[in-house]
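Written out below as C-alpha cells is the structure these notes cover.
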Amino acid sequence: MIVMNQESGNLNQITQKTTERDILFSQLFQQTHTLHTLTVDNLNAVRQFFPQNNSELSDYVQKAQNEAQYSLDLVSKIPSHLRDFDNTFYALDAAETLIYSRRRAVESISKTHPDSSFRNEGTACKDQLVEFSLNLFSSKSVYNMYNEAYQNIEKYGVSLSKEKEDYMKWKMQSLRAEGLHLEEKEYLQVKALKTDINRLESFFLKNIDEDRSFILVSDEELLGVPESTINSLIKENTFKKITCQYPHYFPVMRYCKVEKTRQSLYRAFESRAAEKNVPILKELIQKRDRLANLIGYASFAHLDIFDQLAQTPEAVEKFILSLKDGIQGKFKSEIEQLTKELPDGISLDENNCIKPWDLMYLQEDYKKTHYSVNEIALQQYFPFERTLKKIMTMFEEMFSLEIEIIDTKNKGLWNTPGWILAVKDKANKGRIAGHIILDPFPREGKFPHGYCFDVLSPCRLPSGDVNPAIVLLMVNFTPPSEMRESILRHDELVVLFHELGHAFHQLLGNAEMPSRSGYHIQRDALEWPSRLFEFLMWEKENLKKFGEHFETNLPVPDELIDAKINSKNATSGVTFARFFYLSMFSLKCFLGGVENPKLLREEIEKDFLPNIACDPQINKEASFLHLAEHFYRSKFYAYFWADVFAFDSYDHIIDQQKRGISNVWLKFRELVLDHGGGLNPNDQALQFLGRLPAVETYLKKISSE
Ligand SMILES: [Zn+2]
C-alpha cells in the first residue's frame with residue numbers, strides 16, 4: 001500500500017509504512033486530490049458534471065456535502081504537532097474549492113435552466129451548499145487547525161514556494177478578518193451580525209430583481225421611440241406600459257422626443273425598490289460599521305479592501321480623485337458641446353444645467369449628428385455563428401490553442417441552443433485546457449446579464465498535471481428569428497470579447513493553490529483581461545476580418561466601421577465621470593458613520609457632475625446593486641483600477657507590435673493569464689510591462705477625442 005511518511009505528514013513523501021497514521025495520510029492525500037482527478041475532458045463528462053434532474057440534484061448536493069465533511073474530518077484527525085502546509089492549508093483549500101465547484105454547477109441551474117421549478121430547486125440547493133460550506137470551514141475549530149499548522153511552519157522555518165507563502169499569510173489574515181481569532185462572546189456577536197448582513201444583502205438584491213416599476217403613456221407620448229420598442233410594449237386600456245427593464249428603458253431615454261415621458265421613466269428607474277431598500281441600506285451601513293469595529297478595523301471599507309491591490313480606502317480615495325481630475329477637461333468640453341446647440345424640445349433648467357432625464361437623449365443626438373454611426377447597418381455584417389468561428393481562429397493564433405466549436409444542435413447543457421468550445425493547449429503538448437459552454441440567447445427566466453461562470457478551475461499538481469476547466473458563459477444576444485440567423489450588434493460583440501477575456505483567464509490560469517486557479521485574483525485586477533480583450537473589437541482590421549454580410553457575404557464598408565470607431569469616446573467624459581462618482585459613493589458609504597446615504601450621494605454627485613442637475617426626487621442608491629453584491633460592496637472602484645491595467649497593457653501590445661514583435665499576445669498569456677491568481681497581479685504587470693501600470697495612460701485614452 002502506498003502511504004505517507006508518518007513523521008513529517010508531508011503528503012508528497014511516500015513510503016511503504018502501514019500504521020494507522022499512515023492510513024490517515026493516505027486517505028487525506030487521495031481525498032485532497034479528488035479535484036485534480038476530475039477529468040472532465042469530453043462533452044459527456046462536461047454534461048455529467050451538472051445534475052440534470054431533481055433526483056440527480058439531491059444526490060449531487062448530498063455528495064458535495066459528504067466530500068467536504070469527509071475532508072474536514074480527515075484534517076481534524078491530524079495531531080497538532082504534525083500539521084503542516086500540505087496536510088492542513090492545502091487540504092482544506094482543495095476541499096473548499098471542490099464544494100465551491102459543485103455549488104457553481106448547481107447555481108448554473110438556478111441561472112440558466114429553462115424549467116422554472118428546477119431553477120427554484122437549484123437556487124434552494126445553492127443556498128444550502130453556501131450555508132453548509134460556511135458553517136463547515138468557517139469555525140473556531142478550523143481556525144485552530146490553521147493556526148497550529150502556521151505555528152509549526154514558523155517554528156521550524158519551513159520554506160514554502162512564494163505562492164504558498166503568500167497564500168498562507170493571506171489566509172491567516174482573512175480568518176482574523178472573519179473574527180475567528182476573537183473570544184467566544186465577541187465571536188458570537190460577529191456571527192450574528194454577519195447573518196443579519198447576509199440577510200439584508202439578499203433582500204436588497206431581491207427587491208431590485210423583483211421591482212416591476214413602470215409608467216403608462218399614450219401613443220403620442222412615445223414620439224421618436226423606435227418601432228421595434230413600441231411593438232414590444234404591453235397595452236393597458238388606451239395606454240402603453242413602459243417597464244424599467246433595459247430593452248424598454250434605454251431606447252425610450254435615448255430617442256423619445258417627449259420630455260414628460262423621459263422624466264417619468266427616469267424617476268421610476270432611478271427610484272426602483274426605493275421604498276424597501278432605503279431603510280435596508282441604512283441598516284446595512286450601520287451593521288457593517290459595527291462588524292468592522294468589532295473585528296478591529298477602522299471602518300467596513302478598511303475591512304473590505306485590506307486584501308485588494310489598493311490595500312486601503314485612503315489609496316482608493318486618492319485614486320478616484322486622480323481619475324476625477326483627469327477626466328474633468330473632457331467632461332467640461334462635452335457639456336459645452338451638448339448644450340451648445342440644443343435639439344428641438346430640449347431646454348436647460350433654471351441654473352443652466354442639463355436635466356438628468358435629457359442626458360441620454362442629448363448624447364444620442366450628438367453621436368447621430370457628429371459621427372453618423374449606423375448601428376443597424378453595421379449589425380447586418382456580423383452573423384453570430386460565422387463570426388464566432390473567425391474569432392476563435394484569431395484566439396487560436398494569439399494564444400497557441402486549438403479550439404473546436406461543437407454545435408450542440410439544441411442539446412447544449414440543458415437541451416438548450418448554444419455551442420460548446422473544446423479548447424486544447426498547443427503550448428502544452430495539446431492537453432485539454434477545458435470547455436467553454438456558450439449559452440448565447442435570452443429565454444424566460446435566464447439570468448439577464450453577461451456572466452462568465454467559473455464552474456471548475458484548472459488546478460496544478462506538483463507533477464505539473466492540470467485538470468481541465470469548465471466555464472459557463474452566459475450572454476443574451478439578439479436571437480435568431482424565423483426570417484434570419486442571429487446577427488450581433490457592435491455592443492454585443494464587445495460583451496462577447498469581454499466575457500471571453502474572463503473565460504480564457506478561467507481556462508488557462510492554473511495556480512498551485514486550487515482556490516487561486518482560474519480567474520481568482522484580487523477584485524481590483526479581475527477585469528484586466530476582459531477589458532483588454534474589448535479593445536480587439538475596436539480595431540478596424542479585426543472588424544474587417546470578422547465581418548461579412550449575413551445575406552450577401554459582402555465585406556463591411558469602411559465608412560460603417562470608421563464612423564463606429566470614431567465615436568468610441570464621443571461622450572466618454574460624461575460616462576466615466578458618472579462611474580467615478582459612483583465609485584466614490586460606494587467607498588464613502590462604508591467609511592463609517594454615514595446616516596443619510598442619499599444626502600452623501602447627492603453631495604458627491606454635485607461635486608463630480610457639475611452642470612448636470614441633481615434630481616432630489618430620486619433614490620438611486622436604493623437600486624445600486626453593487627453596494628450589496630458580495631464582490632463589490634465598497635469596491636466599485638475595482639473596475640477602474642483594473643481598467644488602468646487593461647488600458648496600459650493594450651498600449652504596450654500595440655507599441656510592441658509596431659516594433660515588429662509579433663507574439664505579444666502569447667506573452668500576455670504566459671505572463672498574465674497562465675498565472676491565474678497564483679502570482680500577485682502587480683508582479684504579473686511587472687513581468688509583462690516591465691513596470692507597474694500608469695494611470696496617465698488610462699486617462700489619456702478615455703479622454704482622447
Ligand atoms: Zn467582467
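Each chain in the C-alpha cells gets a letter, A, B and so on, in the order shown; residues start at 1 in every chain, and ligands are counted from 1 in the order they appear.
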request  = From region 454-683 of chain A, collect each residue whose DSSP state is helix (DSSP H, G or I) and return the set as a VMD selection string.
outcome  = chain A and resid 490 to 508 514 to 516 523 to 526 528 to 538 540 to 546 558 to 566 572 to 588 597 to 608 620 to 623 625 to 627 638 to 658 664 to 671 673 to 675 681 to 683
What does the list of residues within 9 Å of ligand 1 look like if you count only C-alpha atoms and all ligand atoms, written as an mmCIF file with C-alpha atoms, in the first residue's frame?
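The resulting out.cif:
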```cif
data_model
loop_
_atom_site.group_PDB
_atom_site.id
_atom_site.type_symbol
_atom_site.label_atom_id
_atom_site.label_comp_id
_atom_site.auth_asym_id
_atom_site.auth_seq_id
_atom_site.Cartn_x
_atom_site.Cartn_y
_atom_site.Cartn_z
ATOM 1 C CA GLY A 450 -23.499 38.735 -19.327
ATOM 2 C CA TYR A 451 -21.702 36.478 -16.883
ATOM 3 C CA CYS A 452 -18.746 34.140 -17.096
ATOM 4 C CA VAL A 495 -19.648 41.962 -24.491
ATOM 5 C CA HIS A 498 -15.265 40.919 -22.530
ATOM 6 C CA GLU A 499 -16.699 37.617 -21.338
ATOM 7 C CA GLY A 501 -11.466 37.574 -21.501
ATOM 8 C CA HIS A 502 -12.838 36.083 -18.285
ATOM 9 C CA LEU A 526 -10.229 40.870 -12.177
ATOM 10 C CA GLU A 527 -11.403 42.902 -15.176
ATOM 11 C CA TRP A 528 -7.888 43.297 -16.551
ATOM 12 C CA PRO A 529 -8.069 40.606 -19.284
ATOM 13 C CA SER A 530 -11.736 41.205 -20.078
ATOM 14 C CA ARG A 531 -11.363 44.956 -20.543
ATOM 15 C CA TYR A 639 -13.496 48.148 -12.235
#
```
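Proximity to Phe300 (chain A) was assessed for A:Gln48, A:Thr312, A:Ser567, A:Ser138 counting only C-alpha atoms; the smallest distance is recorded for A:Thr312.
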Tell me, as an mmCIF file with C-alpha atoms, in the first residue's frame, which residues lie within 8 Å of Ile470 (chain A), counting only C-alpha atoms; anything in the same chain fewer than 5 positions away does not count.
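Dumped to part01.cif:
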```cif
data_model
loop_
_atom_site.group_PDB
_atom_site.id
_atom_site.type_symbol
_atom_site.label_atom_id
_atom_site.label_comp_id
_atom_site.auth_asym_id
_atom_site.auth_seq_id
_atom_site.Cartn_x
_atom_site.Cartn_y
_atom_site.Cartn_z
ATOM 1 C CA VAL A 40 -13.768 16.442 -17.387
ATOM 2 C CA VAL A 46 -18.952 18.092 -19.120
ATOM 3 C CA GLY A 434 -11.192 22.712 -20.808
ATOM 4 C CA HIS A 435 -14.603 23.568 -22.166
ATOM 5 C CA ILE A 436 -16.480 26.825 -22.544
ATOM 6 C CA ILE A 437 -20.232 26.288 -22.577
ATOM 7 C CA ASP A 454 -16.203 29.659 -13.041
ATOM 8 C CA VAL A 455 -17.658 26.177 -12.708
ATOM 9 C CA LEU A 456 -14.428 24.206 -12.450
ATOM 10 C CA SER A 457 -10.950 25.685 -12.088
ATOM 11 C CA LEU A 507 -9.439 28.238 -18.519
#
```
ask   = Which value, in Å to one decimal, gives the distance between CA of Asn682 (chain A) and CA of Gln656 (chain A)?
value = 20.2 Å
Would you pick out the contacts of Leu378 (chain A) at 10 Å or less, using only C-alpha atoms, so that residues sharing its chain but fewer than 5 positions from it are not included, and give the list as a compact mmCIF listing (two decimals) with C-alpha atoms, in the first residue's frame?
```txt
# COMPACT_ATOMS: atom_id res chain seq x y z
CA VAL A 373 -22.99 55.87 -36.73
CA ILE A 487 -26.77 38.87 -36.10
CA LEU A 488 -24.78 40.76 -33.48
CA ARG A 489 -24.75 44.45 -32.66
CA HIS A 490 -21.36 46.01 -32.04
CA GLY A 547 -17.48 40.93 -40.81
CA HIS A 549 -22.99 40.47 -44.67
CA VAL A 556 -18.18 45.60 -44.16
CA PRO A 557 -17.91 49.02 -45.88
CA GLU A 559 -17.39 54.08 -43.62
CA LEU A 560 -19.57 51.99 -41.29
CA ILE A 561 -16.53 50.84 -39.33
CA LYS A 564 -18.26 53.47 -35.21
```
request  = Considering only C-alpha atoms, return as a list of chain:residue names whatever protein or nucleic-acid residues lie within 10 Å of region 220-237 of chain A, sequence-local ones (same chain, fewer than 2 positions apart) excluded.
outcome  =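 Counting only C-alpha atoms, the residues come to A:Leu216, A:Val217, A:Ser218, A:Phe239, A:Lys240, A:Lys241, A:Ile242, A:Thr243, A:Pro247, A:His248, A:Tyr249, A:Phe250, A:Pro251, A:Val252, A:Met253, A:Arg254, A:Tyr255, A:Cys256, A:Lys257, A:Val258, A:Glu259, A:Lys260, A:Thr261, A:Arg262.
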request  = Could you check which of A:Ile285, A:Leu359, A:Leu421, A:Ala469 is closest to Ala613 (chain A), using only C-alpha atoms?
outcome  =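 Smallest separation from Ala613 (chain A) among the options: A:Leu359.
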message = Counting only C-alpha atoms, which residue out of A:Ser649, A:Asn42, A:Lys658, A:Asn611 sits closest to Leu686 (chain A)?
response =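 Ranked by minimum distance to Leu686 (chain A), first place goes to A:Ser649.
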